[in-house]
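Some notes on the structure that comes next.
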Amino acid sequence: MLHCVIPTTSTLNHRSEVTVIYNIYINQSHHCTLRYSHLYDLHQALAREYGIKRVASLNFPPKKILQLNVEQREKRRADLEKYLQNISESNFVDSDLVRGFLLLAQRRTFCISDETQSLEVYLPNGKVVLIDVNAHDSTNTVLSCLSDKLGLPPRFSLYFGLYLVKVDESGSINNKENSRRFLKSIIRPLGDHESPYITVANGFDFPIRILLRTRIWHRQHIEELLSDPCGSNILYTQWCSELNSAVVVIDRETHRSLIEHRSNNAKSEFIRIHRAIQVESTSVKV
């Protein structure tokens, strides 16, 4: 789900005409800057694709013939914010149309050239993988590129996600204490409506890293992943890190058993026991 807000606006003055610019934040980061006309075009595209009756409930604010005064501008800002929230709570949010619109809006806002860039992705054990991506690539495309480099089969890449993590600019994550802080600083998963490269470079005013993590807990999926050496190793190192960092609450007997399996490098047994552990509501969400 996307949490969309428009906390601020700005204006462009051209001769006697004033254009309002809306600063749109999605899931805590500055995603794009748009005009009313851009969102109007999105609404028209949704109407053509799904029909006017289906999109009427989104409540897009109507056009005005005359220029808006200050009070009217604030009402339009609030109405557009509500419109984006209505989209995020509807089935339209997962459509290629909406995802493509948001991805393009992010690219245009930050004027990132369509070039190959190096992107750092952290593995759960703190190691860094450097991959070459197009600056415009969506999250799923970047995840696919990372999976290829790691040797993770495409069908298993769906069991993992890319997450944004806040870390100290000078902090290393290779020791236990920093790994603990690293795990507990997960902000949110990256979505396919955004470019990981652009979000990391422009979305926040503090240092951000990208972390690969599993996003599955279902027994069947875990068993399938155990059949793949690469996927099971990533899962194993993630849960070993969580064992070190006290992200999960474990009773003494279970903790002793996990430590023993880890010492013996018994990955499958470790993973199966770890999966059964109840995660407290304050733990990291996956």
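Residue numbering restarts at 1 for every chain of the structure tokens, chains are lettered A, B, ... in their displayed order, and ligands are numbered from 1 as they appear.
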
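For A:Arg275, the non-local neighbours within 12 Å, defined as residues at least 5 positions apart in the same chain or in other chains and counting only C-alpha atoms, are Thr214, Ile216, Trp217, His218, Arg219, Gln220, His221, Ile222, Glu223, Leu235, Tyr236, Gln238, Trp239, Cys240, Glu242, Leu243, Val248, Ile250, Thr254, Leu258, Ser268, Glu269 and Phe270 of chain A.
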
Those residues you just picked out, can you put them in a file as a PDB file, in the first residue's frame with C-alpha atoms?
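Heads up, here's the output in result.pdb:
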```
ATOM      1  CA  THR A 214      13.183 -12.218   2.571  1.00  0.00           C
ATOM      2  CA  ILE A 216       8.035 -14.834   3.119  1.00  0.00           C
ATOM      3  CA  TRP A 217       7.062 -16.896   6.150  1.00  0.00           C
ATOM      4  CA  HIS A 218       4.820 -19.555   4.598  1.00  0.00           C
ATOM      5  CA  ARG A 219       6.074 -23.085   5.292  1.00  0.00           C
ATOM      6  CA  GLN A 220       5.693 -24.205   1.669  1.00  0.00           C
ATOM      7  CA  HIS A 221       7.719 -21.259   0.368  1.00  0.00           C
ATOM      8  CA  ILE A 222      10.435 -21.836   2.950  1.00  0.00           C
ATOM      9  CA  GLU A 223      10.699 -25.496   1.939  1.00  0.00           C
ATOM     10  CA  LEU A 235      17.652 -16.594   4.243  1.00  0.00           C
ATOM     11  CA  TYR A 236      20.050 -18.306   6.641  1.00  0.00           C
ATOM     12  CA  GLN A 238      19.378 -12.981   7.494  1.00  0.00           C
ATOM     13  CA  TRP A 239      17.986 -15.045  10.320  1.00  0.00           C
ATOM     14  CA  CYS A 240      21.447 -15.511  11.824  1.00  0.00           C
ATOM     15  CA  GLU A 242      18.393 -11.430  13.599  1.00  0.00           C
ATOM     16  CA  LEU A 243      19.502 -13.976  16.167  1.00  0.00           C
ATOM     17  CA  VAL A 248      13.171 -11.719  17.511  1.00  0.00           C
ATOM     18  CA  ILE A 250      13.416 -16.399  21.629  1.00  0.00           C
ATOM     19  CA  THR A 254      15.150 -22.501  21.426  1.00  0.00           C
ATOM     20  CA  LEU A 258      19.597 -22.357  17.144  1.00  0.00           C
ATOM     21  CA  SER A 268      18.001 -26.318   6.999  1.00  0.00           C
ATOM     22  CA  GLU A 269      17.398 -27.229  10.638  1.00  0.00           C
ATOM     23  CA  PHE A 270      18.192 -23.674  11.740  1.00  0.00           C
TER      24      PHE A 270
END
```

Set out as CSV a contact list for stretch 58-157 of chain A and stretch 3-16 of chain A with a cut-off of 7 Å, giving each residue of stretch 58-157 of chain A that qualifies its closest atom pair and distance in Å to one decimal, counting only C-alpha atoms, ordered by chain and rising residue number.
```
residue,atom,partner,partner_atom,distance
A:Arg77,CA,A:Ile6,CA,6.9
A:Glu81,CA,A:Val5,CA,5.6
A:Leu84,CA,A:Cys4,CA,6.1
A:Gln85,CA,A:Cys4,CA,5.7
A:Ser88,CA,A:His3,CA,6.9
```

Selection export as a tab-separated table (two decimals), in the first residue's frame, atoms kept: C-alpha atoms:
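Output saved as selection.tsv:
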```
chain	number	residue	atom	x	y	z
A	77	ARG	CA	-4.05	20.61	-2.21
A	81	GLU	CA	-3.98	14.51	-1.43
A	84	LEU	CA	-4.02	10.06	-4.21
A	85	GLN	CA	-4.99	8.35	-0.96
A	88	SER	CA	-3.69	3.95	-2.91
```

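Comparing A:Tyr122, A:Val129, A:Leu158, A:Ser144 by their smallest distance to A:Arg209, the closest is A:Tyr122 (using only C-alpha atoms).
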
task: Identify, with DSSP run on backbone atoms, the residues in stretch 96-225 of chain A assigned to helix (DSSP H, G or I), and express the list as a ChimeraX atom specification.
output: /A:96-110,139-150,154-157,176-183,196-202,219-225

Write out as an mmCIF file with N, CA and C atoms, in the first residue's frame each polymer residue whose atoms come within 12 Å of stretch 29-32 of chain A, counting only C-alpha atoms; drop sequence neighbours fewer than 5 positions from it.
```cif
data_model
loop_
_atom_site.group_PDB
_atom_site.id
_atom_site.type_symbol
_atom_site.label_atom_id
_atom_site.label_comp_id
_atom_site.auth_asym_id
_atom_site.auth_seq_id
_atom_site.Cartn_x
_atom_site.Cartn_y
_atom_site.Cartn_z
ATOM 1 N N LEU A 2 0.427 2.259 -0.728
ATOM 2 C CA LEU A 2 1.160 3.519 -0.787
ATOM 3 C C LEU A 2 0.502 4.542 0.134
ATOM 4 N N HIS A 3 1.310 5.175 0.955
ATOM 5 C CA HIS A 3 0.803 6.261 1.795
ATOM 6 C C HIS A 3 1.234 7.578 1.148
ATOM 7 N N CYS A 4 0.274 8.293 0.598
ATOM 8 C CA CYS A 4 0.567 9.503 -0.186
ATOM 9 C C CYS A 4 0.125 10.751 0.569
ATOM 10 N N VAL A 5 1.014 11.725 0.645
ATOM 11 C CA VAL A 5 0.672 13.012 1.243
ATOM 12 C C VAL A 5 1.255 14.133 0.386
ATOM 13 N N ILE A 6 0.627 15.288 0.484
ATOM 14 C CA ILE A 6 1.135 16.499 -0.180
ATOM 15 C C ILE A 6 1.297 17.545 0.918
ATOM 16 N N PRO A 7 2.404 17.524 1.640
ATOM 17 C CA PRO A 7 2.552 18.421 2.788
ATOM 18 C C PRO A 7 2.775 19.880 2.422
ATOM 19 N N THR A 8 3.371 20.116 1.240
ATOM 20 C CA THR A 8 3.713 21.486 0.848
ATOM 21 C C THR A 8 3.458 21.709 -0.634
ATOM 22 N N THR A 9 3.343 22.967 -0.979
ATOM 23 C CA THR A 9 3.244 23.377 -2.388
ATOM 24 C C THR A 9 4.209 24.525 -2.619
ATOM 25 N N ILE A 21 2.623 24.107 -7.708
ATOM 26 C CA ILE A 21 3.361 22.852 -7.810
ATOM 27 C C ILE A 21 3.155 22.075 -6.513
ATOM 28 N N TYR A 22 2.823 20.795 -6.629
ATOM 29 C CA TYR A 22 2.515 19.962 -5.465
ATOM 30 C C TYR A 22 3.669 19.006 -5.186
ATOM 31 N N ASN A 23 4.198 19.082 -3.974
ATOM 32 C CA ASN A 23 5.299 18.211 -3.557
ATOM 33 C C ASN A 23 4.720 16.943 -2.933
ATOM 34 N N ILE A 24 4.856 15.847 -3.653
ATOM 35 C CA ILE A 24 4.207 14.597 -3.268
ATOM 36 C C ILE A 24 5.194 13.652 -2.589
ATOM 37 N N HIS A 38 -0.938 17.392 -14.458
ATOM 38 C CA HIS A 38 -0.367 16.047 -14.528
ATOM 39 C C HIS A 38 -1.314 15.024 -13.902
ATOM 40 N N LEU A 39 -1.861 15.367 -12.744
ATOM 41 C CA LEU A 39 -2.788 14.453 -12.073
ATOM 42 C C LEU A 39 -4.120 14.364 -12.827
ATOM 43 N N PHE A 101 2.952 5.728 -14.196
ATOM 44 C CA PHE A 101 2.820 7.178 -14.016
ATOM 45 C C PHE A 101 3.725 7.671 -12.897
ATOM 46 N N LEU A 102 3.715 6.989 -11.767
ATOM 47 C CA LEU A 102 4.513 7.418 -10.616
ATOM 48 C C LEU A 102 6.006 7.275 -10.886
ATOM 49 N N LEU A 103 6.376 6.211 -11.573
ATOM 50 C CA LEU A 103 7.788 6.010 -11.901
ATOM 51 C C LEU A 103 8.288 7.100 -12.835
ATOM 52 N N LEU A 104 7.485 7.429 -13.853
ATOM 53 C CA LEU A 104 7.862 8.480 -14.788
ATOM 54 C C LEU A 104 7.906 9.842 -14.102
ATOM 55 N N ALA A 105 6.958 10.081 -13.201
ATOM 56 C CA ALA A 105 6.932 11.349 -12.467
ATOM 57 C C ALA A 105 8.192 11.520 -11.626
ATOM 58 N N GLN A 106 8.649 10.440 -11.012
ATOM 59 C CA GLN A 106 9.884 10.508 -10.215
ATOM 60 C C GLN A 106 11.085 10.818 -11.105
ATOM 61 N N ARG A 107 11.161 10.161 -12.247
ATOM 62 C CA ARG A 107 12.276 10.403 -13.167
ATOM 63 C C ARG A 107 12.325 11.864 -13.609
ATOM 64 N N ARG A 108 11.164 12.395 -13.988
ATOM 65 C CA ARG A 108 11.109 13.763 -14.507
ATOM 66 C C ARG A 108 11.373 14.794 -13.414
ATOM 67 N N THR A 109 10.917 14.513 -12.205
ATOM 68 C CA THR A 109 11.099 15.468 -11.114
ATOM 69 C C THR A 109 12.568 15.689 -10.806
ATOM 70 N N PHE A 110 13.339 14.601 -10.763
ATOM 71 C CA PHE A 110 14.737 14.705 -10.356
ATOM 72 C C PHE A 110 15.698 14.770 -11.540
ATOM 73 N N CYS A 111 15.136 14.752 -12.764
ATOM 74 C CA CYS A 111 15.936 14.964 -13.983
ATOM 75 C C CYS A 111 17.164 14.062 -14.025
ATOM 76 N N LEU A 164 14.713 -0.162 2.320
ATOM 77 C CA LEU A 164 15.498 1.028 2.647
ATOM 78 C C LEU A 164 15.853 1.007 4.124
ATOM 79 N N ILE A 187 13.445 1.187 7.201
ATOM 80 C CA ILE A 187 12.406 2.200 7.038
ATOM 81 C C ILE A 187 11.177 1.609 6.353
ATOM 82 N N ARG A 188 11.397 0.999 5.196
ATOM 83 C CA ARG A 188 10.267 0.460 4.435
ATOM 84 C C ARG A 188 10.783 -0.333 3.246
ATOM 85 N N PRO A 189 9.923 -1.161 2.627
ATOM 86 C CA PRO A 189 10.308 -1.823 1.384
ATOM 87 C C PRO A 189 10.235 -0.857 0.207
ATOM 88 N N LEU A 190 11.064 -1.074 -0.765
ATOM 89 C CA LEU A 190 10.975 -0.326 -2.016
ATOM 90 C C LEU A 190 9.845 -0.912 -2.857
ATOM 91 N N GLY A 191 9.090 -0.049 -3.538
ATOM 92 C CA GLY A 191 7.983 -0.491 -4.367
ATOM 93 C C GLY A 191 8.310 -0.363 -5.847
ATOM 94 N N HIS A 193 6.773 1.279 -7.968
ATOM 95 C CA HIS A 193 6.401 2.594 -8.488
ATOM 96 C C HIS A 193 7.592 3.551 -8.473
ATOM 97 N N GLU A 194 8.760 3.059 -8.036
ATOM 98 C CA GLU A 194 9.908 3.945 -7.862
ATOM 99 C C GLU A 194 11.191 3.304 -8.372
ATOM 100 N N SER A 195 12.166 4.160 -8.618
ATOM 101 C CA SER A 195 13.511 3.719 -8.973
ATOM 102 C C SER A 195 14.355 3.699 -7.708
ATOM 103 N N PRO A 196 14.916 2.553 -7.327
ATOM 104 C CA PRO A 196 15.767 2.519 -6.133
ATOM 105 C C PRO A 196 16.922 3.518 -6.206
ATOM 106 N N ILE A 198 17.074 6.434 -7.764
ATOM 107 C CA ILE A 198 16.615 7.809 -7.562
ATOM 108 C C ILE A 198 16.160 8.016 -6.127
ATOM 109 N N THR A 199 15.454 7.049 -5.560
ATOM 110 C CA THR A 199 14.977 7.189 -4.184
ATOM 111 C C THR A 199 16.131 7.326 -3.207
ATOM 112 N N VAL A 200 17.159 6.512 -3.369
ATOM 113 C CA VAL A 200 18.315 6.589 -2.480
ATOM 114 C C VAL A 200 19.039 7.920 -2.645
ATOM 115 N N ALA A 201 19.135 8.396 -3.887
ATOM 116 C CA ALA A 201 19.892 9.624 -4.156
ATOM 117 C C ALA A 201 19.139 10.891 -3.754
ATOM 118 N N ASN A 202 17.801 10.858 -3.803
ATOM 119 C CA ASN A 202 17.041 12.101 -3.645
ATOM 120 C C ASN A 202 15.875 12.054 -2.662
ATOM 121 N N GLY A 203 15.484 10.876 -2.203
ATOM 122 C CA GLY A 203 14.247 10.777 -1.439
ATOM 123 C C GLY A 203 14.330 11.189 0.012
ATOM 124 N N PHE A 204 15.542 11.182 0.596
ATOM 125 C CA PHE A 204 15.679 11.444 2.027
ATOM 126 C C PHE A 204 16.797 12.453 2.272
ATOM 127 N N ASP A 205 16.758 13.076 3.451
ATOM 128 C CA ASP A 205 17.807 14.026 3.814
ATOM 129 C C ASP A 205 18.768 13.417 4.832
ATOM 130 N N PHE A 206 18.849 12.083 4.874
ATOM 131 C CA PHE A 206 19.818 11.385 5.715
ATOM 132 C C PHE A 206 20.303 10.152 4.943
ATOM 133 N N ILE A 208 21.011 6.669 3.371
ATOM 134 C CA ILE A 208 20.129 5.521 3.149
ATOM 135 C C ILE A 208 20.916 4.414 2.445
#
```

task: Looking only at strand (DSSP E or B) from DSSP on the backbone, list the matching residues of stretch 67-279 of chain A as number ranges by chain.
output: A: 116-122, 128-134, 160-166, 186-189, 208-214

- prompt: Out of A:Leu46, A:Pro154, A:Ile210, A:Asn125, which residue has the shortest atom-to-atom distance to A:Ile234 when counting only C-alpha atoms?
  reply: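 For A:Ile234, the nearest of the candidates is A:Asn125.
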
- line: In Å and to one decimal, atom CA of A:Tyr197 is distant from atom CA of A:Asn233 by 25.8 Å

field: Separation of atom CA of A:Asp94 from atom CA of A:Lys63, in Å and rounded to one decimal
entry: 26.4 Å

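Reported to one decimal place, the separation of atom CA of A:His261 from atom CA of A:Ala276 is 14.9 Å.
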
message: Just checking: using only C-alpha atoms, which residue out of A:Asn59, A:Glu49, A:Val142, A:Ser118 ends up closest to A:Asp96?
response: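 Closest residue, counting only C-alpha atoms: A:Glu49.
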
- prompt: Which residue, A:Ala56, A:Cys145, A:Leu212, A:Val70, has the smallest gap to A:Phe160 when you use only C-alpha atoms?
  reply: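 Once distances to A:Phe160 are computed over only C-alpha atoms, the minimum belongs to A:Leu212.
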
- prompt: So, counting only C-alpha atoms, which residue among A:Ser113, A:Thr19, A:Ser37, A:Thr139 is closest to A:Leu68?
  reply: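 For A:Leu68, the nearest of the candidates is A:Thr19.
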